[in-house]
Every structure is written in C-alpha cells, then in structure tokens.
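Colleague: run_30.txt is reproduced in full below (compact mmCIF, C-alpha atoms).
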# COMPACT_ATOMS: atom_id res chain seq x y z
CA MET A 1 -12.79 -32.37 -24.14
CA ALA A 2 -11.78 -32.53 -27.83
CA ASP A 3 -8.95 -34.66 -29.18
CA GLY A 4 -6.87 -35.05 -32.33
CA GLU A 5 -9.22 -37.69 -33.73
CA TYR A 6 -11.98 -35.08 -34.14
CA THR A 7 -14.06 -36.49 -31.27
CA VAL A 8 -15.63 -34.91 -28.19
CA SER A 9 -15.63 -36.74 -24.85
CA VAL A 10 -17.95 -35.72 -22.01
CA TYR A 11 -17.77 -36.49 -18.31
CA LYS A 12 -20.61 -35.65 -15.91
CA ARG A 13 -19.94 -34.82 -12.28
CA GLN A 14 -22.28 -36.33 -9.68
CA ARG A 15 -23.10 -34.05 -6.79
CA GLY A 16 -22.62 -35.44 -3.32
CA VAL A 17 -20.34 -38.25 -4.51
CA GLU A 18 -16.77 -38.08 -3.22
CA VAL A 19 -15.36 -41.29 -4.68
CA ASP A 20 -15.25 -41.39 -8.50
CA PRO A 21 -17.60 -38.43 -8.84
CA TYR A 22 -17.35 -38.30 -12.65
CA ILE A 23 -19.45 -40.44 -14.99
CA TYR A 24 -18.20 -41.03 -18.52
CA LEU A 25 -21.12 -40.05 -20.79
CA GLY A 26 -19.38 -41.06 -23.94
CA ARG A 27 -17.37 -39.99 -26.97
CA TYR A 28 -18.82 -38.75 -30.25
CA ARG A 29 -17.10 -38.11 -33.57
CA ALA A 30 -19.34 -35.43 -35.01
CA HIS A 31 -16.58 -33.72 -37.06
CA TYR A 32 -14.26 -34.89 -39.82
CA LYS A 33 -11.68 -32.12 -39.38
CA GLU A 34 -9.95 -30.45 -36.43
CA ILE A 35 -12.23 -29.17 -33.67
CA LYS A 36 -11.49 -25.47 -33.16
CA ASP A 37 -13.62 -24.66 -30.11
CA LEU A 38 -15.86 -26.09 -27.38
CA MET A 39 -18.40 -24.09 -25.43
CA PHE A 40 -20.79 -24.76 -22.55
CA GLY A 41 -23.95 -22.75 -22.00
CA ILE A 42 -27.39 -22.76 -20.37
CA GLN A 43 -30.77 -23.38 -21.99
CA LEU A 44 -32.82 -20.22 -21.51
CA ASP A 45 -36.15 -22.02 -21.07
CA ASN A 46 -35.19 -24.79 -18.63
CA ASN A 47 -31.68 -23.93 -17.34
CA GLN A 48 -30.30 -27.23 -18.65
CA PRO A 49 -26.62 -27.25 -19.66
CA ARG A 50 -25.65 -26.97 -23.33
CA LEU A 51 -22.49 -28.07 -25.09
CA LEU A 52 -21.44 -26.99 -28.59
CA SER A 53 -18.41 -27.83 -30.72
CA LEU A 54 -17.11 -25.99 -33.78
CA GLY A 55 -14.81 -27.59 -36.33
CA MET A 56 -12.72 -26.73 -39.37
CA ASP A 57 -15.27 -28.77 -41.31
CA ARG A 58 -17.51 -25.69 -40.91
CA VAL A 59 -20.00 -27.64 -38.77
CA LEU A 60 -21.52 -26.45 -35.49
CA VAL A 61 -22.65 -29.39 -33.36
CA GLU A 62 -24.85 -29.25 -30.25
CA TYR A 63 -24.86 -32.23 -27.87
CA ASP A 64 -27.96 -33.54 -26.10
CA LEU A 65 -26.63 -33.63 -22.54
CA GLU A 66 -30.07 -33.90 -20.97
CA ASN A 67 -30.89 -37.19 -22.71
CA SER A 68 -27.37 -38.63 -22.69
CA SER A 69 -26.49 -41.36 -20.21
CA LYS A 70 -23.47 -43.47 -19.34
CA ASP A 71 -21.64 -44.53 -22.52
CA ASP A 72 -24.40 -42.94 -24.61
CA LEU A 73 -23.52 -39.40 -25.70
CA ARG A 74 -26.09 -37.95 -28.12
CA ILE A 75 -26.26 -34.91 -30.36
CA THR A 76 -29.17 -32.50 -30.79
CA SER A 77 -28.18 -30.87 -34.06
CA SER A 78 -25.39 -30.60 -36.59
CA ASP A 79 -25.39 -27.52 -38.84
CA ARG A 80 -23.00 -26.43 -41.57
CA ILE A 81 -22.61 -22.73 -40.82
CA GLU A 82 -20.03 -21.64 -43.41
CA GLN A 83 -19.71 -22.15 -47.16
CA SER A 84 -16.10 -21.20 -47.96
CA ALA A 85 -14.72 -19.58 -44.79
CA VAL A 86 -13.27 -21.71 -41.99
CA PRO A 87 -14.53 -20.88 -38.48
CA GLN A 88 -11.82 -20.24 -35.89
CA CYS A 89 -13.63 -19.76 -32.57
CA MET A 90 -16.96 -18.99 -30.93
CA THR A 91 -18.51 -17.51 -27.80
CA TRP A 92 -21.92 -16.58 -26.46
CA TYR A 93 -23.03 -13.09 -27.46
CA PRO A 94 -23.94 -11.10 -24.33
CA PRO A 95 -27.59 -10.18 -23.52
CA ILE A 96 -27.48 -6.76 -25.19
CA THR A 97 -30.17 -7.78 -27.70
CA LYS A 98 -33.53 -9.44 -27.31
CA GLU A 99 -32.36 -12.37 -29.40
CA HIS A 100 -29.88 -14.96 -28.09
CA PHE A 101 -26.84 -15.44 -30.36
CA VAL A 102 -23.75 -17.56 -30.85
CA LEU A 103 -20.86 -15.39 -32.09
CA THR A 104 -18.23 -16.92 -34.38
CA ALA A 105 -15.10 -15.59 -36.08
CA ASN A 106 -13.75 -17.05 -39.34
CA ASP A 107 -10.56 -16.93 -41.40
CA GLN A 108 -12.03 -14.33 -43.78
CA TYR A 109 -11.97 -11.63 -41.07
CA LYS A 110 -15.70 -11.84 -40.41
CA PHE A 111 -17.77 -12.08 -37.25
CA LYS A 112 -21.08 -13.90 -37.60
CA LEU A 113 -24.09 -14.02 -35.30
CA TYR A 114 -26.20 -17.18 -35.34
CA ASN A 115 -29.53 -17.60 -33.60
CA ALA A 116 -28.78 -19.82 -30.61
CA THR A 117 -31.84 -21.99 -31.27
CA THR A 118 -32.30 -22.18 -35.04
CA LYS A 119 -28.61 -21.66 -35.96
CA MET A 120 -29.74 -19.25 -38.70
CA CYS A 121 -27.10 -16.69 -39.66
CA ARG A 122 -28.58 -13.39 -38.53
CA LYS A 123 -25.73 -10.99 -39.08
CA THR A 124 -22.31 -10.81 -40.76
CA LEU A 125 -19.84 -8.16 -39.65
CA LEU A 126 -16.38 -7.04 -40.64
CA GLY A 127 -13.94 -8.10 -37.93
CA PRO A 128 -10.52 -6.73 -36.96
CA THR A 129 -8.06 -6.79 -39.87
CA TYR A 130 -4.73 -6.78 -38.06
CA GLY A 131 -2.67 -9.15 -40.16
CA THR A 132 -4.30 -12.44 -39.19
CA PRO A 133 -7.88 -13.47 -38.30
CA VAL A 134 -9.24 -13.72 -34.76
CA LYS A 135 -8.35 -17.12 -33.26
CA ARG A 136 -9.72 -16.77 -29.69
CA MET A 137 -12.27 -14.43 -28.17
CA GLU A 138 -14.14 -13.87 -24.92
CA VAL A 139 -16.73 -11.36 -23.75
CA VAL A 140 -15.19 -9.34 -20.92
CA PRO A 141 -17.05 -10.07 -17.64
CA THR A 142 -18.85 -7.25 -15.85
CA ALA A 143 -20.73 -6.73 -12.59
CA ASP A 144 -24.07 -6.14 -14.35
CA PRO A 145 -24.24 -8.12 -17.63
CA VAL A 146 -27.46 -6.36 -18.70
CA LYS A 147 -26.87 -2.68 -17.86
CA ASP A 148 -23.08 -2.31 -18.19
CA LYS A 149 -21.45 -1.59 -21.53
CA ARG A 150 -19.88 -4.76 -22.92
CA TYR A 151 -16.58 -5.44 -24.66
CA LEU A 152 -15.05 -8.35 -26.55
CA ALA A 153 -11.45 -9.42 -25.93
CA TYR A 154 -9.70 -11.37 -28.68
CA VAL A 155 -6.33 -12.58 -29.89
CA THR A 156 -4.95 -13.12 -33.38
CA THR A 157 -1.75 -14.99 -34.19
CA ASP A 158 0.45 -12.50 -32.36
CA LYS A 159 -1.83 -9.69 -31.15
CA VAL A 160 -4.33 -9.04 -28.37
CA GLY A 161 -7.20 -6.61 -28.76
CA LEU A 162 -10.53 -5.24 -27.60
CA SER A 163 -13.70 -4.52 -29.53
CA MET A 164 -16.77 -2.59 -28.44
CA LEU A 165 -20.16 -4.27 -28.38
CA PRO A 166 -22.58 -4.41 -30.08
CA LEU A 167 -20.51 -5.29 -33.14
CA ASP A 168 -21.28 -3.20 -36.23
CA GLY A 169 -18.23 -3.42 -38.53
CA ASN A 170 -16.90 0.01 -37.55
CA PRO A 171 -13.07 -0.31 -37.62
CA HIS A 172 -12.69 2.45 -35.02
CA ASN A 173 -14.50 0.31 -32.45
CA ALA A 174 -11.61 -2.17 -32.20
CA MET A 175 -7.91 -2.03 -31.37
CA ALA A 176 -4.99 -4.46 -31.13
CA LEU A 177 -1.33 -4.52 -30.17
CA ILE A 178 1.44 -7.08 -30.38
CA THR A 179 1.59 -9.31 -27.33
CA HIS A 180 3.66 -12.40 -28.20
CA PRO A 181 5.74 -12.02 -31.42
CA GLY A 182 6.20 -15.79 -31.48
CA GLY A 183 2.47 -16.43 -31.35
CA VAL A 184 -0.40 -16.47 -28.84
CA GLU A 185 -1.71 -19.84 -27.71
CA ASN A 186 -4.60 -18.78 -25.47
CA MET A 187 -6.20 -15.97 -23.49
CA VAL A 188 -8.59 -15.55 -20.55
CA CYS A 189 -10.20 -12.63 -18.72
CA SER A 190 -10.21 -12.16 -14.96
CA TYR A 191 -13.56 -12.69 -13.23
CA ASP A 192 -14.02 -8.93 -12.62
CA GLY A 193 -13.15 -7.90 -16.20
CA LYS A 194 -10.22 -5.71 -15.14
CA TYR A 195 -7.40 -7.88 -16.44
CA LEU A 196 -6.60 -10.05 -19.42
CA PHE A 197 -4.05 -12.89 -19.46
CA THR A 198 -2.37 -14.18 -22.62
CA ALA A 199 -0.16 -17.26 -22.93
CA GLY A 200 2.57 -17.47 -25.54
CA GLY A 201 3.82 -20.62 -27.16
CA ALA A 202 7.55 -20.86 -27.82
CA ASP A 203 8.33 -17.90 -25.54
CA ALA A 204 6.94 -19.79 -22.49
CA THR A 205 5.51 -16.52 -21.20
CA VAL A 206 2.22 -15.39 -19.66
CA HIS A 207 1.37 -11.70 -19.90
CA MET A 208 -1.07 -9.88 -17.64
CA TRP A 209 -2.82 -6.88 -19.21
CA GLU A 210 -4.92 -4.19 -17.58
CA ILE A 211 -8.06 -3.42 -19.57
CA ASN A 212 -8.52 0.33 -20.21
CA VAL A 213 -11.75 0.81 -22.15
CA SER A 214 -11.69 4.63 -21.97
CA VAL A 215 -8.98 4.75 -24.66
CA LEU A 216 -11.07 2.57 -26.98
CA GLU A 217 -14.12 4.77 -26.33
CA ALA A 218 -12.12 7.88 -27.24
CA GLN A 219 -10.85 6.23 -30.44
CA SER A 220 -14.42 5.38 -31.40
CA ARG A 221 -15.63 8.95 -30.90
CA LEU A 222 -12.73 10.39 -32.90
CA GLY A 223 -13.55 8.01 -35.75
CA GLY A 224 -16.91 9.68 -36.32
CA GLU A 225 -20.55 8.75 -35.94
CA ASP A 226 -23.20 7.08 -38.05
CA LEU A 227 -21.91 6.41 -41.61
CA ILE A 228 -18.68 8.43 -41.41
CA PRO A 229 -16.47 5.43 -40.47
CA PHE A 230 -18.01 3.36 -43.28
CA TYR A 231 -17.40 6.06 -45.90
CA GLY A 232 -13.71 5.72 -45.06
CA LEU A 233 -13.84 2.04 -46.06
CA LEU A 234 -15.06 2.90 -49.57
CA GLU A 235 -12.31 3.57 -52.11
CA GLY A 236 -12.13 7.34 -52.41
CA GLY A 237 -14.42 7.93 -49.44
CA ARG A 238 -17.65 9.94 -49.50
CA ASP A 239 -16.44 12.06 -52.43
CA GLY A 240 -14.91 9.24 -54.43
CA GLU A 241 -15.94 7.68 -57.71
CA LEU A 242 -17.07 4.43 -56.07
CA PHE A 243 -19.61 6.23 -53.91
CA ARG A 244 -20.98 8.15 -56.90
CA GLU A 245 -21.31 4.87 -58.80
CA LEU A 246 -23.14 3.35 -55.83
CA GLU A 247 -25.62 6.23 -55.86
CA ASP A 248 -26.20 5.74 -59.59
CA TYR A 249 -26.69 1.98 -59.19
CA PHE A 250 -28.97 2.52 -56.22
CA TYR A 251 -31.31 4.87 -58.05
CA TYR A 252 -31.21 2.79 -61.22
CA ALA A 253 -32.32 -0.18 -59.10
CA GLN A 254 -35.42 1.85 -58.18
CA ILE A 255 -36.20 2.30 -61.87
CA ARG A 256 -35.42 -1.34 -62.58
CA SER A 257 -37.77 -2.57 -59.86
CA GLN A 258 -40.62 -0.57 -61.42
CA GLY A 259 -39.84 -1.76 -64.96
CA VAL A 260 -37.37 -0.22 -67.39
CA ASN A 261 -39.68 0.01 -70.41
CA THR A 262 -42.72 1.76 -69.00
CA MET A 263 -44.38 5.13 -69.42
CA ASP A 264 -46.19 4.94 -66.10
CA LYS A 265 -45.57 7.57 -63.46
CA ARG A 266 -42.68 6.44 -61.28
CA GLU A 267 -42.57 6.46 -57.50
CA VAL A 268 -39.52 8.26 -56.12
CA SER A 269 -38.14 6.74 -52.92
CA VAL A 270 -34.99 6.65 -50.81
CA LYS A 271 -35.17 2.84 -50.62
CA ILE A 272 -34.92 -0.12 -52.96
CA PRO A 273 -36.65 -3.53 -52.63
CA LEU A 274 -34.57 -6.33 -51.10
CA SER A 275 -34.86 -8.21 -54.40
CA GLU A 276 -32.55 -5.61 -55.98
CA VAL A 277 -29.79 -5.93 -53.38
CA PRO A 278 -27.89 -8.80 -55.13
CA PHE A 279 -27.80 -6.89 -58.43
CA VAL A 280 -26.39 -3.73 -56.84
CA MET A 281 -23.82 -5.79 -54.92
CA ARG A 282 -22.61 -7.37 -58.16
CA ALA A 283 -22.50 -4.00 -59.90
CA MET A 284 -20.22 -2.84 -57.06
CA GLY A 285 -17.78 -5.67 -57.75
CA PHE A 286 -18.89 -8.05 -54.98
CA TYR A 287 -20.11 -11.40 -56.30
CA PRO A 288 -21.82 -13.27 -53.46
CA SER A 289 -22.88 -16.89 -53.69
CA GLU A 290 -26.55 -17.80 -53.44
CA GLN A 291 -26.03 -18.75 -49.79
CA GLU A 292 -24.40 -15.40 -49.08
CA ILE A 293 -27.29 -13.63 -50.81
CA GLU A 294 -29.77 -15.52 -48.65
CA ASP A 295 -27.81 -14.54 -45.52
CA MET A 296 -27.77 -10.87 -46.58
CA LEU A 297 -31.48 -10.75 -47.31
CA ASN A 298 -32.37 -12.58 -44.09
CA GLU A 299 -30.16 -10.18 -42.15
CA VAL A 300 -32.18 -7.21 -43.35
CA LYS A 301 -35.55 -8.95 -43.47
CA PHE A 302 -35.44 -10.14 -39.84
CA SER A 303 -33.49 -7.18 -38.42
CA ARG A 304 -36.48 -5.82 -36.49
CA TYR A 305 -38.71 -8.87 -36.33
CA VAL A 306 -38.08 -9.59 -32.64
CA GLU A 307 -38.96 -6.00 -31.65
CA THR A 308 -41.86 -5.31 -34.03
CA GLY A 309 -43.01 -8.66 -35.43
CA GLN A 310 -42.69 -7.13 -38.92
CA TYR A 311 -40.46 -8.08 -41.85
CA ILE A 312 -38.30 -5.45 -43.59
CA GLU A 313 -38.89 -5.51 -47.35
CA ASP A 314 -36.63 -2.64 -48.50
CA ILE A 315 -33.36 -0.93 -47.63
CA ASP A 316 -32.05 2.64 -47.78
CA LEU A 317 -28.63 3.79 -49.01
CA GLY A 318 -27.06 4.08 -45.55
CA ASP A 319 -28.03 0.56 -44.50
CA PHE A 320 -26.93 -0.76 -47.89
CA ILE A 321 -23.45 0.74 -47.43
CA ARG A 322 -23.16 -0.99 -44.04
CA LEU A 323 -24.35 -4.26 -45.59
CA TYR A 324 -21.87 -3.95 -48.46
CA ILE A 325 -18.90 -3.13 -46.21
CA ASN A 326 -19.64 -5.97 -43.81
CA HIS A 327 -20.29 -8.68 -46.41
CA ARG A 328 -17.78 -7.99 -49.18
CA PRO A 329 -14.36 -9.71 -48.99
CA ALA A 330 -12.16 -7.89 -46.47
CA PHE A 331 -9.32 -7.50 -48.99
CA GLY A 332 -11.15 -7.57 -52.32
CA LEU A 333 -11.18 -10.27 -54.99
CA ASP A 334 -8.46 -12.90 -54.87
CA PRO A 335 -7.28 -13.76 -58.42
CA GLY A 336 -5.55 -16.87 -57.15
CA LYS A 337 -8.81 -18.59 -56.24
CA LEU A 338 -9.89 -18.82 -59.88
CA LEU A 339 -6.48 -20.18 -60.88
CA THR A 340 -6.67 -22.76 -58.09
CA ALA A 341 -10.08 -23.88 -59.33
CA PHE A 342 -8.77 -24.43 -62.86
CA GLU A 343 -5.69 -26.23 -61.51
CA THR A 344 -7.93 -28.56 -59.50
CA LEU A 345 -10.57 -29.22 -62.15
CA GLY A 346 -8.62 -28.85 -65.37
CA ILE A 347 -5.86 -30.58 -67.31
CA GLN A 348 -2.41 -29.29 -68.26
CA THR A 349 -2.17 -27.80 -71.77
CA SER A 350 0.36 -25.65 -73.61
CA GLN A 351 -1.59 -22.56 -72.50
CA GLY A 352 -1.81 -23.61 -68.87
CA ASN A 353 -4.42 -25.52 -66.89
CA ALA A 354 -7.66 -25.71 -68.88
CA ILE A 355 -11.11 -27.26 -68.63
CA GLU A 356 -12.83 -28.78 -71.64
CA ARG A 357 -15.86 -26.70 -72.63
CA GLY A 358 -18.40 -29.49 -72.21
CA ASP A 359 -17.01 -30.43 -68.80
CA LEU A 360 -17.19 -26.81 -67.63
CA LEU A 361 -20.81 -26.43 -68.72
CA ASP A 362 -21.68 -29.74 -67.07
CA MET A 363 -20.04 -28.77 -63.77
CA LEU A 364 -21.82 -25.42 -63.71
CA GLN A 365 -25.12 -27.29 -63.99
CA THR A 366 -24.44 -30.15 -61.56
CA LYS A 367 -21.92 -29.06 -58.91
CA GLY A 368 -22.18 -26.68 -55.98
CA GLU A 369 -24.85 -24.01 -56.37
CA HIS A 370 -25.67 -25.31 -59.82
CA MET A 371 -27.53 -23.38 -62.51
CA THR A 372 -30.38 -24.56 -64.67
CA GLU A 373 -29.72 -25.00 -68.39
CA TYR A 374 -31.78 -21.89 -69.11
CA GLU A 375 -29.87 -19.78 -66.56
CA LEU A 376 -26.49 -20.96 -67.84
CA ALA A 377 -27.40 -20.21 -71.45
CA GLU A 378 -28.72 -16.74 -70.58
CA TYR A 379 -25.76 -15.78 -68.40
CA LEU A 380 -23.10 -16.98 -70.83
CA THR A 381 -24.63 -15.33 -73.88
CA THR A 382 -25.03 -12.12 -71.89
CA LEU A 383 -21.39 -12.23 -70.75
CA LEU A 384 -20.30 -12.90 -74.33
CA GLY A 385 -22.12 -9.76 -75.47
CA PHE A 386 -25.06 -11.26 -77.37
CA ASN A 387 -27.77 -10.09 -74.96
CA ALA A 388 -28.54 -6.77 -73.34
CA GLU A 389 -26.32 -6.31 -70.28
CA GLY A 390 -29.23 -6.53 -67.88
CA GLY A 391 -30.38 -9.87 -69.27
CA SER A 392 -33.97 -10.89 -69.87
CA SER A 393 -35.19 -9.18 -66.70
CA GLU A 394 -34.63 -5.72 -68.16
CA LEU A 395 -34.66 -4.81 -71.81
CA GLN A 396 -35.53 -7.81 -73.93
CA GLU A 397 -36.50 -11.46 -73.91
CA PHE A 398 -33.73 -14.04 -74.00
CA GLU A 399 -33.53 -16.15 -77.19
CA VAL A 400 -32.92 -19.61 -75.78
CA ASN A 401 -33.03 -21.39 -79.16
CA THR A 402 -29.84 -19.78 -80.45
CA ALA A 403 -27.88 -19.86 -77.19
CA GLY A 404 -26.20 -23.23 -77.79
CA ASP A 405 -24.80 -22.23 -81.17
CA ILE A 406 -23.55 -18.90 -79.79
CA ILE A 407 -21.72 -20.63 -76.91
CA ASP A 408 -20.16 -23.25 -79.23
CA GLN A 409 -18.97 -20.59 -81.67
CA ASN A 410 -17.53 -18.19 -79.09
CA LEU A 411 -16.10 -20.41 -76.37
CA PRO A 412 -12.94 -22.38 -77.28
CA HIS A 413 -12.83 -26.14 -76.81
CA HIS A 414 -10.36 -25.76 -73.91
CA ILE A 415 -10.88 -22.84 -71.50
CA THR A 416 -8.06 -21.56 -69.29
CA GLY A 417 -8.53 -19.59 -66.10
CA GLU A 418 -6.98 -16.49 -67.67
CA MET A 419 -9.27 -16.70 -70.71
CA PHE A 420 -12.34 -17.30 -68.58
CA ALA A 421 -11.54 -14.32 -66.34
CA ASN A 422 -10.61 -11.85 -69.06
CA GLU A 423 -12.85 -12.76 -71.99
CA VAL A 424 -15.94 -14.22 -70.29
CA LEU A 425 -16.10 -12.46 -66.92
CA GLY A 426 -14.47 -9.28 -68.23
CA PHE A 427 -11.89 -8.93 -65.45
CA SER A 428 -9.05 -7.35 -67.40
CA MET A 429 -6.95 -7.12 -64.24
CA TYR A 430 -6.43 -10.89 -64.37
CA ASN A 431 -3.19 -12.10 -65.93
CA ARG A 432 -1.21 -15.28 -65.46
CA GLU A 433 1.52 -13.68 -63.32
CA LEU A 434 -0.97 -11.93 -61.01
CA MET A 435 -3.12 -15.03 -60.63
CA SER A 436 -0.07 -17.19 -59.90
CA ALA A 437 1.12 -14.74 -57.27
CA GLY A 438 -2.35 -14.71 -55.67
CA SER A 439 -2.48 -18.50 -55.48
CA GLU A 440 0.93 -18.66 -53.76
CA THR A 441 0.08 -16.22 -50.95
For the file at hand, write its structure as structure tokens.
Modeller:
Amino acid sequence: MADGEYTVSVYKRQRGVEVDPYIYLGRYRAHYKEIKDLMFGIQLDNNQPRLLSLGMDRVLVEYDLENSSKDDLRITSSDRIEQSAVPQCMTWYPPITKEHFVLTANDQYKFKLYNATTKMCRKTLLGPTYGTPVKRMEVVPTADPVKDKRYLAYVTTDKVGLSMLPLDGNPHNAMALITHPGGVENMVCSYDGKYLFTAGGADATVHMWEINVSVLEAQSRLGGEDLIPFYGLLEGGRDGELFRELEDYFYYAQIRSQGVNTMDKREVSVKIPLSEVPFVMRAMGFYPSEQEIEDMLNEVKFSRYVETGQYIEDIDLGDFIRLYINHRPAFGLDPGKLLTAFETLGIQTSQGNAIERGDLLDMLQTKGEHMTEYELAEYLTTLLGFNAEGGSSELQEFEVNTAGDIIDQNLPHHITGEMFANEVLGFSMYNRELMSAGSET
C-alpha cells in the first residue's frame, strides 16, 4: 500500500497460517512526491513476484521482494523515466510482442513503453486527447491472452474509453464518452472482459458498462489504413503545405548526409540516416530535448532487434511521419512555458521579467542538458544571423574567435522572454499577451 507520506508498505501472507497470516516486510520511502500507482507482477524467468511503484517525481521503483524479510523491505532499482512530463498511471503491456513492457501514461497525453527489465524507453505514442490525460488504465482480460485481440480500458478526469492494442498513435483506434461529470475516481474490468465498472467521487455512484469492441473496430476501419490516419494529424493533411515542407526537408537531409559541398555522384534513396532525424524534427517545428532525441533514435534503432538481432540505421518517410506525430507535443508549442522560465530565473524590470546576459549564458552551460562553450557560441551566432543557417556542419566553418564579441554586441544586458523568443529564436508568434495567457492556462 502507498500512503500520503510517499512511502510504500508491504505485507507478505504466509500460506498455511491461520492466525496472523501476514508478515510486515517493511516500509520504504523511495519517492519524494505523491505515488500515483502500484503494480504487482511476475518475474518471467523464475515466477517470483514483482512490485513496482510510480510517482509524480517521475521515478519508477521496483522492490526486491525475494530478498526482503521482516522489517527489511529492499528495492531493486529506481529509474527516472520522464524528463518534463508527469506520469499518471501504469500497467503491464499484454504479451502481443516478443518483448515484455511496462506501459505508462503521462500528463502530456503520451503512452510510453518501457522494457520491463532494463526500464529503457522503447516507444512513445500519442494517447487519447479527450480533454484531460489518462489517469487510470487496465488491459481488458480475455480467455486467451496470447491469441485473442487485446484492448485497453482507461479513464480520464470524467470519461471512460477503450483503445485497441497494439498502440500505434492512430486516433481512430480509441474512443471515450462521459461517465461521471463530477469526476472518475477508479475503474476495474470484470474477470471475463465483458464489463467495466467505474466509480465516481462526489456523485457516490458506480456505473457498470458493457464492452462492445465491434463498434471500435468499425471506427478504426472507417478511419483508414496505413498512413491515412496520420496524414489527418498533419496541418493541411496529405495535400497541405506542412507535408510538402516535410518532403523537402526529408530529401534535403539525404543531400546533407552526403555532404552539401561535393561534386561526387549522389545516392538516391527513400530513407535518411537516423543521425538526420533530430534536424528534420526541428525544421518541422518540434524541438526535442537531448533525452527525447535519444528516446526517438533508440525507438527506431531497436524496433526490430528482438526479431532479427539487427539494428535499424535509417528511416523512411512513412515511419518518420509516425515518429513525428507520436513524439511532438500533442497541442503544439506552449508559449507560457518560456515565460514561466523567465519568471522563475529572472528579475523584475521595467520591460518584464529578464535574465542578465552573463547569467543566461552561464545557466545554458551548467544547468540541465548543458551546452559546451563552443556549442553555445555557434548556436547563438547562428541564431543571430552571423553564420550560415545550417551551422558549421553544412556550408562553412564556425569562427569561434569572434563569437564572444558578436554575442556581446547583439544581445542586450538584460534579456526578456519576449525578446529571447522573437529576436533570438525567431518565433514571431510570441508576444507578451499570448505568453501570459499560455502561462495562466
């Protein structure tokens, strides 16, 4: 059990003992924020029980039940699984793949699959976007867990829904409807998978739902096959400007990977190297962190390793579109996040919250996913328009000796969030009113 002090307590039942059958194994505070979910499971190699806890501190903890004894609860591992998103719940992914996964849902409308042993993030998928993120989920039971088609039941703040498995980010493979307008507290499936029960909070009501998967199957077929559902998630669709830009970026990445300034005969392909994926993502307006880039590349690189034993080193346009749709923010860039950062790190000035130039450069080199001095100088001078847009990796060598003077001359002593967004990053859509509205929502 988990309590309000962020601790997990475990009791072990002794078989054949009728009086005081439970032994108190202990209590462990492995989290520093609220625990969102607890989950028992079975070790695949030795059938020993497993216990995992997931907290708002973004940490997934596994407890060592086999080696724990009375008043001595131990942990096996503690892994930070999210960088900015907050996990909401977890469940075991059913045996529809050769790899064993833990499935989580976070507050950024994403499902994530983690290897059950290594805790490596193996896949990120767009989840249901019905007003609020998924807060509870359970794989619907079935008579034959291996051969039968599987489904995932879930609840959001006020809705209950079903999603087809395996998860792929296709919005037509999920549905939801309002169940408790005042909020859902919990849900559970019947043992035979025919019914779903939801418990409300203030309404003091339990609803019993009959699961009808044929309607969801029909919705999925009507939504189209292969890439058709994903085209619909691109602004303008298959014939829109965004898709045409993606094609241009994709084929330019092929040229870029072979060298821009070369007269050698070029190899024409329908794929690009994985090393080019981050650059195309950024060109499309999605700016992943280094951790998110690593997760994306690992997702593609290891996608067929279990079946073939081979790494994937390149990606075609169709798979890139799926990767882009599933990894980009569900509702685009949030202007308020940049304003919040400047409010937190800066000081109040007549122009708004601002950070002193030297402090900003220092933080970019020492905090979070920090940059080297060389990287910071190259990126800033490129953003300020003094280098070729592609940077030193494309058209010309970067002049590091003059970078400091250029930055001092073109960056003001105090930098506001609005100035940084508009004049450095080039996001003209950012203005003080829009950013303030974004930070309040």
Colleague: For atom CA of Ala174 of chain A and atom CA of Val215 of chain A, determine how far apart the two atoms are, in Å to one decimal place.
Modeller: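 That distance, rounded to one decimal, is 10.6 Å.
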Colleague: Report the centre and edge lengths, in Å to one decimal, of an axis-aligned box enclosing every atom of segment 153-157 of chain A listed in the file, padded by 5 Å on each side, as JSON.
Modeller:
{"center_x": -6.6, "center_y": -12.2, "center_z": -30.1, "size_x": 19.7, "size_y": 15.6, "size_z": 18.3}
Colleague: To one decimal place, how far is atom CA of Glu294 of chain A from atom CA of Asp314 of chain A in Å?
Modeller: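 If I compute the distance from atom CA of Glu294 of chain A to atom CA of Asp314 of chain A, I get 14.6 Å.
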Colleague: Between A:Ile315, A:Leu73, A:Met419, A:Val306, which has the minimum distance to Gly352 of chain A (counting all atoms listed in the file)?
Modeller: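 Closest residue, counting all atoms listed in the file: A:Met419.
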Colleague: Would you compute the distance between atom CA of Met187 of chain A and atom CA of Leu222 of chain A? Give it in Å to one decimal.
Modeller: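 Atom-to-atom, atom CA of Met187 of chain A and atom CA of Leu222 of chain A are spaced 28.7 Å apart.
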